[in-house]
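S.K.: Got a structure for you, final-v8.txt, holding compact mmCIF, C-alpha atoms.
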# COMPACT_ATOMS: atom_id res chain seq x y z
CA MET M 1 4.32 -70.11 97.08
CA ALA M 2 5.11 -73.79 97.36
CA GLY M 3 7.88 -74.88 99.73
CA ILE M 4 10.40 -77.68 99.38
CA ALA M 5 12.59 -79.45 101.93
CA GLY M 6 14.87 -82.45 101.90
CA ILE M 7 18.09 -84.21 102.71
CA ALA M 8 20.54 -86.28 100.69
CA ARG M 9 19.77 -89.46 102.63
CA SER M 10 17.02 -92.02 102.34
CA GLY M 11 14.78 -93.03 105.24
CA GLU M 12 14.38 -89.49 106.56
CA ARG M 13 10.65 -89.05 106.11
CA GLY M 14 10.18 -87.98 109.74
CA LEU M 15 12.82 -85.26 109.49
CA VAL M 16 11.45 -83.91 106.22
CA GLU M 17 7.93 -83.89 107.63
CA ARG M 18 9.19 -81.83 110.58
CA MET M 19 10.87 -79.42 108.17
CA LEU M 20 7.62 -79.06 106.24
CA ASP M 21 5.79 -78.47 109.51
CA LYS M 22 7.85 -75.28 109.95
CA MET M 23 6.52 -74.15 106.57
CA ALA M 24 2.94 -75.33 107.06
CA HIS M 25 1.74 -71.90 105.90
CA ARG M 26 3.06 -72.78 102.43
CA GLY M 27 1.18 -76.07 102.32
CA SER M 28 -2.47 -75.31 103.02
CA ALA M 29 -3.59 -77.39 100.02
CA GLY M 30 -1.35 -80.41 100.51
CA ARG M 31 2.09 -81.92 100.87
CA GLN M 32 4.00 -84.96 99.70
CA VAL M 33 7.23 -86.61 100.86
CA VAL M 34 9.02 -88.89 98.41
CA GLU M 35 11.93 -91.21 99.20
CA PHE M 36 14.55 -91.98 96.59
CA GLU M 37 17.57 -94.27 96.76
CA ASN M 38 19.83 -91.59 98.24
CA ALA M 39 17.49 -88.75 99.18
CA THR M 40 14.24 -87.82 100.90
CA LEU M 41 12.40 -84.82 99.45
CA GLY M 42 9.19 -83.05 100.43
CA LEU M 43 6.91 -80.51 98.79
CA ALA M 44 4.09 -78.44 100.31
CA TRP M 45 1.79 -76.31 98.17
CA PRO M 46 -0.92 -73.65 98.60
CA ALA M 47 -4.30 -73.62 96.89
CA ALA M 48 -3.15 -71.42 93.99
CA GLN M 49 -0.53 -73.98 92.97
CA SER M 50 -2.45 -77.19 93.56
CA ASP M 51 -2.55 -78.47 89.99
CA LEU M 52 1.09 -77.65 89.29
CA ALA M 53 2.41 -78.95 92.57
CA GLU M 54 0.44 -82.19 92.46
CA ALA M 55 1.77 -82.92 88.98
CA LEU M 56 5.33 -82.24 90.08
CA ALA M 57 4.97 -84.26 93.27
CA GLY M 58 3.41 -87.21 91.48
CA GLU M 59 4.30 -88.24 87.96
CA ARG M 60 7.32 -85.99 87.47
CA ALA M 61 8.82 -86.88 90.84
CA ALA M 62 8.70 -90.57 90.06
CA ARG M 63 10.06 -90.14 86.52
CA ASP M 64 12.71 -87.47 87.01
CA GLN M 65 13.45 -87.86 90.74
CA VAL M 66 12.79 -84.16 91.24
CA LEU M 67 10.58 -82.11 93.53
CA GLY M 68 9.89 -78.41 93.34
CA THR M 69 8.53 -75.88 90.87
CA ARG M 70 9.95 -74.14 87.83
CA LEU M 71 11.43 -71.53 90.20
CA ALA M 72 13.19 -73.78 92.72
CA GLU M 73 13.79 -77.51 92.63
CA ALA M 74 15.84 -80.37 94.06
CA ARG M 75 16.84 -83.33 91.91
CA ALA M 76 18.10 -86.69 93.17
CA THR M 77 20.94 -88.05 91.04
CA PRO M 78 23.28 -91.04 91.52
CA GLN M 79 25.93 -88.54 92.68
CA GLY M 80 23.61 -86.81 95.19
CA LEU M 81 21.19 -83.89 95.30
CA VAL M 82 21.33 -81.06 92.77
CA LEU M 83 19.57 -77.80 93.67
CA ARG M 84 18.46 -75.09 91.24
CA ARG M 85 17.04 -71.60 91.83
CA ASP M 86 15.42 -69.26 89.33
CA ARG M 87 17.33 -66.45 87.63
CA LEU M 88 16.16 -63.61 89.89
CA GLY M 89 15.41 -65.49 93.10
CA VAL M 90 11.62 -65.11 93.00
CA ALA M 91 11.45 -68.38 94.97
CA PRO M 92 13.64 -68.77 98.07
CA LEU M 93 16.01 -71.69 98.59
CA TYR M 94 18.57 -72.37 101.34
CA TYR M 95 20.96 -75.25 101.89
CA GLY M 96 23.58 -76.61 104.27
CA HIS M 97 25.20 -79.82 105.46
CA ASP M 98 24.31 -81.71 108.63
CA ALA M 99 26.79 -83.14 111.13
CA ALA M 100 27.20 -86.27 109.00
CA GLY M 101 27.89 -84.22 105.87
CA ALA M 102 24.55 -84.78 104.14
CA LEU M 103 23.25 -81.93 102.00
CA CYS M 104 19.99 -80.46 103.34
CA LEU M 105 17.67 -77.93 101.72
CA ALA M 106 14.55 -75.89 102.47
CA SER M 107 12.63 -72.92 101.17
CA GLU M 108 12.90 -71.17 104.53
CA VAL M 109 15.65 -70.89 107.11
CA LYS M 110 13.31 -71.85 109.95
CA ALA M 111 12.74 -75.21 108.24
CA LEU M 112 16.40 -75.81 107.42
CA LEU M 113 17.33 -75.24 111.07
CA ARG M 114 15.47 -78.45 111.91
CA ALA M 115 18.24 -80.32 110.10
CA THR M 116 21.37 -78.19 110.40
CA ARG M 117 22.80 -74.95 111.76
CA ASP M 118 24.88 -74.62 108.59
CA VAL M 119 22.72 -72.23 106.53
CA GLN M 120 23.62 -70.82 103.12
CA GLU M 121 21.43 -69.06 100.58
CA LEU M 122 21.46 -70.52 97.07
CA SER M 123 22.26 -67.62 94.77
CA PRO M 124 19.67 -66.83 92.09
CA GLY M 125 20.41 -68.31 88.70
CA HIS M 126 22.69 -70.97 90.19
CA VAL M 127 22.86 -74.73 90.54
CA TYR M 128 24.45 -76.40 93.56
CA ASP M 129 25.54 -80.04 93.38
CA GLY M 130 26.73 -80.49 96.95
CA THR M 131 30.29 -79.41 96.24
CA GLY M 132 30.15 -76.23 94.17
CA LEU M 133 27.98 -73.52 92.62
CA THR M 134 27.47 -73.11 88.88
CA SER M 135 25.80 -70.12 87.26
CA TYR M 136 23.35 -71.21 84.57
CA ALA M 137 21.55 -67.88 83.94
CA PRO M 138 23.80 -64.88 84.56
CA LEU M 139 22.17 -61.46 84.60
CA VAL M 140 24.12 -59.54 81.95
CA GLN M 141 23.58 -56.36 79.96
CA PRO M 142 22.50 -57.23 76.38
CA PRO M 143 22.90 -54.93 73.36
CA PRO M 144 20.43 -52.01 73.45
CA LEU M 145 17.36 -51.76 71.26
CA THR M 146 17.48 -49.43 68.26
CA ALA M 147 13.72 -49.09 67.69
CA SER M 148 11.91 -45.79 68.22
CA PRO M 149 10.55 -44.89 71.67
CA ALA M 150 6.99 -45.36 70.40
CA GLN M 151 7.78 -48.86 69.11
CA ILE M 152 9.54 -49.80 72.35
CA ALA M 153 6.62 -48.54 74.43
CA ARG M 154 4.12 -50.58 72.41
CA GLU M 155 6.15 -53.78 72.67
CA LEU M 156 6.76 -53.26 76.39
CA ARG M 157 3.04 -52.86 77.00
CA ARG M 158 2.31 -55.98 74.94
CA ARG M 159 4.78 -58.09 76.91
CA LEU M 160 3.62 -56.82 80.27
CA ALA M 161 -0.03 -57.40 79.35
CA ALA M 162 0.80 -60.96 78.26
CA ALA M 163 2.65 -61.58 81.54
CA VAL M 164 -0.36 -60.41 83.54
CA ALA M 165 -2.85 -62.45 81.49
CA ALA M 166 -0.74 -65.61 81.88
CA ARG M 167 -1.02 -65.38 85.66
CA LEU M 168 -4.75 -64.83 85.89
CA ARG M 169 -5.61 -68.43 84.99
CA ASP M 170 -9.13 -69.11 86.33
CA GLY M 171 -9.57 -65.54 87.52
CA ALA M 172 -9.07 -66.26 91.21
CA VAL M 173 -6.33 -63.66 91.48
CA GLY M 174 -6.44 -60.28 93.19
CA GLY M 175 -3.96 -57.43 93.34
CA TRP M 176 -1.96 -55.63 95.99
CA LEU M 177 -2.52 -51.98 95.17
CA SER M 178 -0.33 -49.24 96.64
CA GLY M 179 -1.47 -46.63 94.15
CA GLY M 180 2.03 -46.45 92.71
CA LEU M 181 2.68 -46.86 89.01
CA ASP M 182 3.64 -50.54 89.05
CA SER M 183 0.84 -52.08 91.10
CA SER M 184 -1.69 -49.77 89.42
CA ALA M 185 -0.53 -50.88 85.98
CA LEU M 186 -1.04 -54.53 86.88
CA ALA M 187 -4.58 -53.87 88.12
CA ALA M 188 -5.44 -51.97 84.95
CA LEU M 189 -4.03 -54.68 82.70
CA ALA M 190 -5.77 -57.47 84.63
CA ARG M 191 -9.21 -55.92 84.95
CA PRO M 192 -10.49 -56.61 81.38
CA HIS M 193 -9.75 -60.32 81.74
CA VAL M 194 -11.76 -61.08 84.89
CA ARG M 195 -15.36 -60.66 85.98
CA GLN M 196 -14.31 -59.22 89.32
CA LEU M 197 -10.91 -58.05 90.51
CA HIS M 198 -10.30 -57.68 94.24
CA THR M 199 -7.61 -55.15 95.16
CA PHE M 200 -6.05 -54.54 98.57
CA ALA M 201 -4.29 -51.54 100.10
CA ALA M 202 -2.87 -50.85 103.55
CA GLY M 203 -1.70 -47.78 105.40
CA LEU M 204 -2.13 -45.57 108.42
CA PRO M 205 -5.04 -43.12 108.37
CA GLY M 206 -4.36 -40.47 105.75
CA ALA M 207 -1.48 -42.38 104.16
CA PRO M 208 -0.91 -41.41 100.50
CA ASP M 209 -1.00 -45.07 99.41
CA LEU M 210 -4.61 -45.35 100.56
CA GLU M 211 -5.65 -42.24 98.66
CA PHE M 212 -3.94 -43.20 95.41
CA ALA M 213 -5.05 -46.84 95.60
CA ARG M 214 -8.64 -45.71 96.05
CA MET M 215 -8.30 -43.48 92.99
CA VAL M 216 -6.98 -46.36 90.87
CA ALA M 217 -9.63 -48.79 92.12
CA ASP M 218 -12.39 -46.34 91.16
CA PHE M 219 -10.82 -45.64 87.77
CA VAL M 220 -10.22 -49.29 86.86
CA GLY M 221 -13.35 -50.66 88.49
CA THR M 222 -12.10 -53.11 91.12
CA THR M 223 -13.68 -54.42 94.31
CA HIS M 224 -11.40 -52.59 96.68
CA HIS M 225 -10.46 -53.41 100.29
CA GLU M 226 -8.50 -51.25 102.71
CA VAL M 227 -6.59 -52.18 105.82
CA VAL M 228 -6.35 -49.03 107.90
CA VAL M 229 -3.50 -49.65 110.28
CA ARG M 230 -3.08 -48.01 113.69
CA PRO M 231 0.27 -47.74 115.48
CA ARG M 232 -0.79 -50.50 117.89
CA ASP M 233 -1.41 -52.77 114.88
CA LEU M 234 2.13 -52.21 113.64
CA LEU M 235 3.60 -53.04 117.04
CA GLY M 236 1.33 -56.04 117.52
CA ALA M 237 2.29 -57.53 114.15
CA LEU M 238 6.05 -57.03 114.55
CA PRO M 239 6.96 -60.41 116.12
CA ASP M 240 5.09 -62.47 113.51
CA THR M 241 6.28 -60.30 110.63
CA ILE M 242 9.90 -60.83 111.65
CA TYR M 243 9.34 -64.55 112.17
CA TYR M 244 7.90 -65.12 108.72
CA LEU M 245 10.30 -62.68 107.09
CA GLY M 246 13.35 -64.36 108.64
CA SER M 247 15.21 -61.07 108.94
CA PHE M 248 15.78 -58.17 111.33
CA ASP M 249 17.05 -55.73 108.69
CA THR M 250 15.47 -52.37 109.51
CA LEU M 251 14.19 -51.22 106.13
CA LEU M 252 13.11 -54.72 105.11
CA VAL M 253 11.04 -55.08 108.28
CA ARG M 254 9.59 -51.60 107.85
CA SER M 255 8.54 -52.35 104.30
CA SER M 256 7.12 -55.74 105.26
CA ILE M 257 4.85 -55.01 108.17
CA THR M 258 1.95 -53.39 106.27
CA ASN M 259 2.51 -55.93 103.48
CA TYR M 260 2.06 -58.69 106.06
CA LEU M 261 -1.15 -57.13 107.34
CA VAL M 262 -2.68 -56.57 103.90
CA ALA M 263 -1.76 -60.13 102.88
CA GLY M 264 -3.94 -61.39 105.72
CA LYS M 265 -6.87 -59.42 104.33
CA ALA M 266 -6.22 -60.61 100.76
CA ALA M 267 -6.19 -64.25 101.88
CA GLU M 268 -9.83 -63.88 102.95
CA TYR M 269 -10.84 -63.33 99.31
CA VAL M 270 -8.31 -64.80 96.85
CA PRO M 271 -5.60 -67.50 96.77
CA ALA M 272 -3.15 -65.35 94.80
CA VAL M 273 -2.30 -61.70 94.14
CA LEU M 274 -0.43 -59.65 91.56
CA SER M 275 2.46 -57.60 92.96
CA GLY M 276 4.47 -54.88 91.21
CA GLU M 277 8.00 -55.77 92.32
CA GLY M 278 10.74 -55.27 89.77
CA GLY M 279 9.38 -52.18 88.05
CA ASP M 280 11.63 -49.74 89.93
CA GLU M 281 14.76 -51.80 89.38
CA LEU M 282 14.19 -52.45 85.69
CA PHE M 283 13.01 -48.95 84.76
CA ALA M 284 14.98 -46.64 87.10
CA GLY M 285 12.28 -45.76 89.59
CA TYR M 286 14.42 -44.70 92.56
CA GLY M 287 15.25 -41.05 93.16
CA TYR M 288 18.93 -41.63 93.96
CA LEU M 289 19.48 -42.89 90.40
CA LYS M 290 19.08 -39.35 89.07
CA ALA M 291 22.36 -38.38 90.70
CA LEU M 292 24.36 -41.07 88.91
CA ASP M 293 26.47 -40.48 85.84
CA PRO M 294 24.48 -41.84 82.85
CA ALA M 295 27.39 -44.16 82.10
CA GLU M 296 26.90 -45.81 85.51
CA LEU M 297 23.14 -46.19 85.31
CA SER M 298 22.98 -49.46 83.36
CA THR M 299 25.39 -51.14 85.76
CA GLU M 300 23.46 -49.90 88.79
CA LEU M 301 20.11 -51.08 87.43
CA LEU M 302 21.56 -54.50 86.69
CA ASP M 303 23.02 -54.60 90.19
CA ILE M 304 19.82 -53.74 92.07
CA THR M 305 17.78 -56.07 89.86
CA GLY M 306 20.17 -58.86 90.77
CA ARG M 307 19.69 -58.06 94.47
CA LEU M 308 15.90 -58.17 94.46
CA HIS M 309 15.92 -61.61 96.07
CA ASN M 310 17.08 -60.10 99.38
CA THR M 311 14.90 -57.00 99.25
CA ALA M 312 11.46 -56.65 97.67
CA LEU M 313 11.13 -60.28 96.59
CA GLN M 314 11.89 -61.52 100.09
CA ARG M 315 9.21 -59.19 101.49
CA VAL M 316 6.62 -60.24 98.91
CA ASP M 317 7.23 -63.99 99.13
CA ARG M 318 7.35 -64.24 102.92
CA CYS M 319 4.40 -61.92 103.59
CA ALA M 320 2.22 -63.71 101.05
CA ALA M 321 3.28 -67.21 102.07
CA ALA M 322 2.62 -66.44 105.75
CA HIS M 323 -1.08 -66.37 104.87
CA GLY M 324 -1.08 -69.16 102.28
CA LEU M 325 -1.08 -66.74 99.35
CA VAL M 326 0.93 -66.86 96.14
CA ALA M 327 2.27 -63.50 94.93
CA TYR M 328 2.82 -63.27 91.18
CA VAL M 329 5.35 -60.70 89.90
CA PRO M 330 4.60 -60.04 86.19
CA PHE M 331 7.31 -57.38 85.86
CA LEU M 332 9.81 -60.20 86.43
CA ASP M 333 8.38 -62.46 83.75
CA PRO M 334 11.38 -63.57 81.63
CA GLN M 335 9.92 -62.00 78.49
CA VAL M 336 9.49 -58.66 80.27
CA VAL M 337 12.91 -58.77 81.95
CA ASP M 338 14.78 -59.67 78.78
CA TYR M 339 13.14 -56.80 76.90
CA ALA M 340 13.52 -54.29 79.72
CA LEU M 341 17.24 -54.94 79.98
CA ARG M 342 17.61 -53.99 76.32
CA ILE M 343 15.82 -50.66 76.63
CA PRO M 344 18.37 -47.79 76.54
CA VAL M 345 18.77 -46.14 79.94
CA GLY M 346 18.14 -42.76 78.33
CA LEU M 347 14.53 -43.87 77.85
CA LYS M 348 14.17 -45.08 81.42
CA LEU M 349 15.39 -41.87 83.04
CA ARG M 350 14.61 -39.03 80.64
CA ASP M 351 14.55 -35.28 81.35
CA GLY M 352 14.52 -36.03 85.07
CA VAL M 353 11.45 -38.31 84.80
CA GLU M 354 12.06 -41.77 86.24
CA LYS M 355 10.49 -44.77 84.45
CA TRP M 356 9.75 -42.54 81.44
CA ILE M 357 9.38 -45.36 78.91
CA LEU M 358 7.13 -47.36 81.23
CA ARG M 359 4.89 -44.32 81.70
CA GLN M 360 4.68 -44.00 77.90
CA ALA M 361 3.77 -47.66 77.62
CA LEU M 362 0.94 -47.24 80.13
CA ALA M 363 -0.49 -43.98 78.78
CA GLY M 364 -4.29 -44.03 78.82
CA LEU M 365 -4.54 -46.90 81.28
CA LEU M 366 -4.37 -44.84 84.48
CA PRO M 367 -5.29 -41.41 85.84
CA GLU M 368 -2.63 -38.79 85.09
CA ARG M 369 -1.95 -38.23 88.80
CA VAL M 370 -1.08 -41.91 89.17
CA LEU M 371 0.77 -42.17 85.88
CA TYR M 372 3.18 -39.45 87.02
CA ARG M 373 3.16 -40.08 90.77
CA PRO M 374 6.72 -39.88 92.19
CA LYS M 375 8.18 -42.97 93.77
CA ALA M 376 7.66 -43.38 97.53
CA LYS M 377 9.36 -46.00 99.68
CA PHE M 378 6.86 -48.74 100.47
CA TRP M 379 6.88 -48.06 104.21
CA ALA M 380 6.73 -44.29 103.70
CA GLY M 381 3.80 -44.45 101.27
CA ALA M 382 1.90 -46.59 103.74
CA GLY M 383 2.46 -43.96 106.43
CA VAL M 384 4.70 -46.02 108.72
CA GLY M 385 7.29 -43.24 108.84
CA GLU M 386 9.16 -42.97 112.12
CA ILE M 387 6.56 -44.69 114.31
CA LEU M 388 8.62 -47.84 114.78
CA ALA M 389 11.89 -45.95 115.26
CA ASP M 390 10.34 -43.67 117.86
CA TYR M 391 8.90 -46.67 119.72
CA ALA M 392 12.31 -48.36 119.83
CA GLU M 393 13.83 -45.19 121.26
CA THR M 394 11.54 -45.52 124.28
CA LEU M 395 12.67 -49.08 124.99
CA PHE M 396 16.46 -48.83 125.12
CA THR M 397 18.81 -46.46 126.85
CA ASP M 398 21.92 -45.42 124.96
CA GLN M 399 23.93 -47.65 127.27
CA ALA M 400 21.72 -50.67 126.58
CA PHE M 401 22.04 -50.06 122.86
CA ARG M 402 25.83 -49.87 123.01
CA ARG M 403 25.90 -53.06 125.05
CA GLY M 404 23.59 -55.03 122.77
CA ARG M 405 24.40 -53.79 119.29
CA LYS M 406 27.36 -56.11 118.58
CA LEU M 407 26.20 -59.59 117.51
CA PRO M 408 28.07 -62.90 117.98
CA ASN M 409 29.02 -63.00 114.28
CA GLY M 410 30.62 -59.55 114.43
CA TRP M 411 27.79 -57.57 112.85
CA VAL M 412 27.02 -54.22 114.46
CA LEU M 413 23.39 -53.12 114.66
CA ASN M 414 22.80 -49.64 113.30
CA SER M 415 19.96 -48.36 115.48
CA LYS M 416 17.75 -49.06 118.47
CA GLU M 417 15.04 -49.98 115.99
CA GLU M 418 17.22 -52.73 114.56
CA LEU M 419 18.05 -53.90 118.10
CA LEU M 420 14.31 -54.21 118.75
CA TYR M 421 13.88 -56.30 115.61
CA TYR M 422 16.87 -58.46 116.44
CA GLY M 423 15.34 -59.23 119.83
CA PHE M 424 12.20 -60.62 118.19
CA PHE M 425 14.35 -62.53 115.69
CA ARG M 426 16.49 -64.10 118.41
CA GLU M 427 13.41 -65.21 120.35
CA ARG M 428 12.22 -67.29 117.38
CA PHE M 429 15.47 -68.33 115.69
CA GLY M 430 17.95 -68.44 118.56
CA GLU M 431 21.30 -66.68 118.71
CA LEU M 432 22.85 -67.75 115.41
CA GLU M 433 26.54 -67.20 114.83
CA ASN M 434 26.13 -67.74 111.10
CA LEU M 435 24.03 -65.02 109.49
CA SER M 436 25.79 -64.92 106.13
CA TRP M 437 22.56 -65.98 104.42
CA MET M 438 20.71 -62.83 105.56
CA GLY M 439 21.05 -59.76 103.37
CA ARG M 440 21.31 -56.32 104.96
CA THR M 441 20.46 -52.94 103.50
CA LYS M 442 23.32 -51.12 101.82
CA GLY M 443 25.12 -48.83 104.21
CA ALA M 444 25.15 -51.39 107.00
CA PRO M 445 28.73 -52.29 108.05
CA GLY M 446 29.91 -55.26 106.05
CA ALA M 447 26.63 -55.51 104.14
CA ALA M 448 26.33 -56.25 100.47
CA ARG M 449 24.97 -53.37 98.43
CA ARG M 450 21.23 -53.53 97.95
CA GLY M 451 18.53 -51.51 96.27
CA ALA M 452 16.18 -49.25 98.20
CA LEU M 453 12.95 -50.74 99.48
Take the structure in the file and give it back as structure tokens.

M.R.:
Amino acid sequence: MAGIAGIARSGERGLVERMLDKMAHRGSAGRQVVEFENATLGLAWPAAQSDLAEALAGERAARDQVLGTRLAEARATPQGLVLRRDRLGVAPLYYGHDAAGALCLASEVKALLRATRDVQELSPGHVYDGTGLTSYAPLVQPPPLTASPAQIARELRRRLAAAVAARLRDGAVGGWLSGGLDSSALAALARPHVRQLHTFAAGLPGAPDLEFARMVADFVGTTHHEVVVRPRDLLGALPDTIYYLGSFDTLLVRSSITNYLVAGKAAEYVPAVLSGEGGDELFAGYGYLKALDPAELSTELLDITGRLHNTALQRVDRCAAAHGLVAYVPFLDPQVVDYALRIPVGLKLRDGVEKWILRQALAGLLPERVLYRPKAKFWAGAGVGEILADYAETLFTDQAFRRGRKLPNGWVLNSKEELLYYGFFRERFGELENLSWMGRTKGAPGAARRGAL
């Protein structure tokens, strides 16, 4: 996905170029830096966004004094820079002020640190004008639909199919395929529209994701690629995964490492991929939701959907961008999201079956074993399991863990595995006292509540 960077001061082309250098992986197809009267802004774009990004960087930038995409943008106004981020945080955006008080921005923390140590994450669905945040697209619970389940299922399938088709463009799009319901649905919906569909799966030998992905690929008729990962591959990829991810959160790292490896394989064949993020949050795909009182379910689904930007969406964006890929998320298309939020929760979790209405909508598209496959955590389905945790146990004594687990900002690391990840993070980012921009999995002391990965 394209990356933006800038500062609310003119004559800073060199600084902005250095910020873009830290996100060079996002700009394999080109970059542009534009100076305005009171700001310097830069945009870097990958091959899959060349036409869009060039238009934004050229004609629109000159006319509207804005750089970015429809998901994240910076606008130069007479009063200063105004930043905007999309409703769900599909695109990342961070900001802060430098020592002279100038507002700085970047799509990644590593780039923003070239200008300031003051790092804040722009909340999804918000605008920031340099002094305060304004919500322009709150995520709220609309009135429920009253149509029959059959009617709802048909309309849901129509909207999801339209969202997939809109992202295929010239056909140079593949699909990440875990063999779960969501990624499998996207592959099935995309296949009729393209001459050839490349799909990609990763996992340790014997991992269930590999088996189910292979089944879907054969059923749908894709050109399928597997990345069979050995324990040494996981350990070897850890430092780079954490660097591109910009986080040391245990479950986020676990869920990202095979995603990072399979993204490298996908980049050899396609400039963009379809990814199934959002399906579990919108349609009640997590097992723990079954234990909730039905009256609490709508609120919980809205909550975890609103926290996607620091969980699955962060994993997908950073792992794809690390290899110059764009990851499209059709389940989070506005037309799909708006409709999904209106579906009664009793149709999402029905008779103990999670994502019931989505399964009805996809009937006939997938093998029955896939259509009713239970949800598996991304890292568990790939077979990562306890490999990383066991490795960390061999590196640190209990005494070393107690000594190193408290961070300068007061956070307390939860495990030796997280201490291992923090060590790699600190090597690349330094020892930062401000980590308020980094989400942590729910259950961590002081962490905001987040959905499962």

S.K.: Pick out the residues sitting within 6 Å of M:Arg26, and hand them over as a list in words; count only C-alpha atoms, and ignore anything fewer than 5 positions along from it in its own chain.

M.R.: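 These residues fall inside the cut-off: Ala2, Gly3, Trp45, Pro46, Ala321 and Gly324 of chain M.
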
S.K.: Tell me which of M:Cys104, M:Ala8, M:Gly278, M:Gln120 sits closest to M:Trp437, counting only C-alpha atoms.

M.R.: M:Gln120

S.K.: Between M:Thr258, M:Gln151, M:Ser184, M:Ser28, which one has atoms that come closest to M:Leu365, using all atoms listed in the file?

M.R.: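 The answer is M:Ser184, which sits nearest to M:Leu365.
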
S.K.: Grab all the atoms of stretch 9-25 of chain M that the file lists, wrap them in a box along x, y and z, add 6 Å per side, and give me centre plus edge lengths in Å (one decimal) as JSON.

M.R.:
{"center_x": 10.8, "center_y": -82.5, "center_z": 106.5, "size_x": 30.0, "size_y": 33.1, "size_z": 20.2}

S.K.: Please measure the separation of atom CA of M:Leu15 and atom CA of M:Arg114, giving the value in Å to one decimal.

M.R.: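 Atom CA of M:Leu15 sits 7.7 Å away from atom CA of M:Arg114.
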
S.K.: State, in Å with one decimal place, the distance from atom CA of M:Glu418 to atom CA of M:Lys406.

M.R.: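 Separation between atom CA of M:Glu418 and atom CA of M:Lys406: 11.4 Å.
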
S.K.: Using all atoms listed in the file, pick whichever of M:Ala76, M:Leu395, M:Leu371, M:Met438 has the shortest atom-to-atom distance to M:Asn310.

M.R.: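 Smallest separation from M:Asn310 among the options: M:Met438.
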
S.K.: Select, from M:Tyr328, M:Leu20, M:Leu113, M:Gly132, the residue with the minimum atom-to-atom distance to M:Leu71, counting all atoms listed in the file.

M.R.: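 Closest residue, counting all atoms listed in the file: M:Tyr328.
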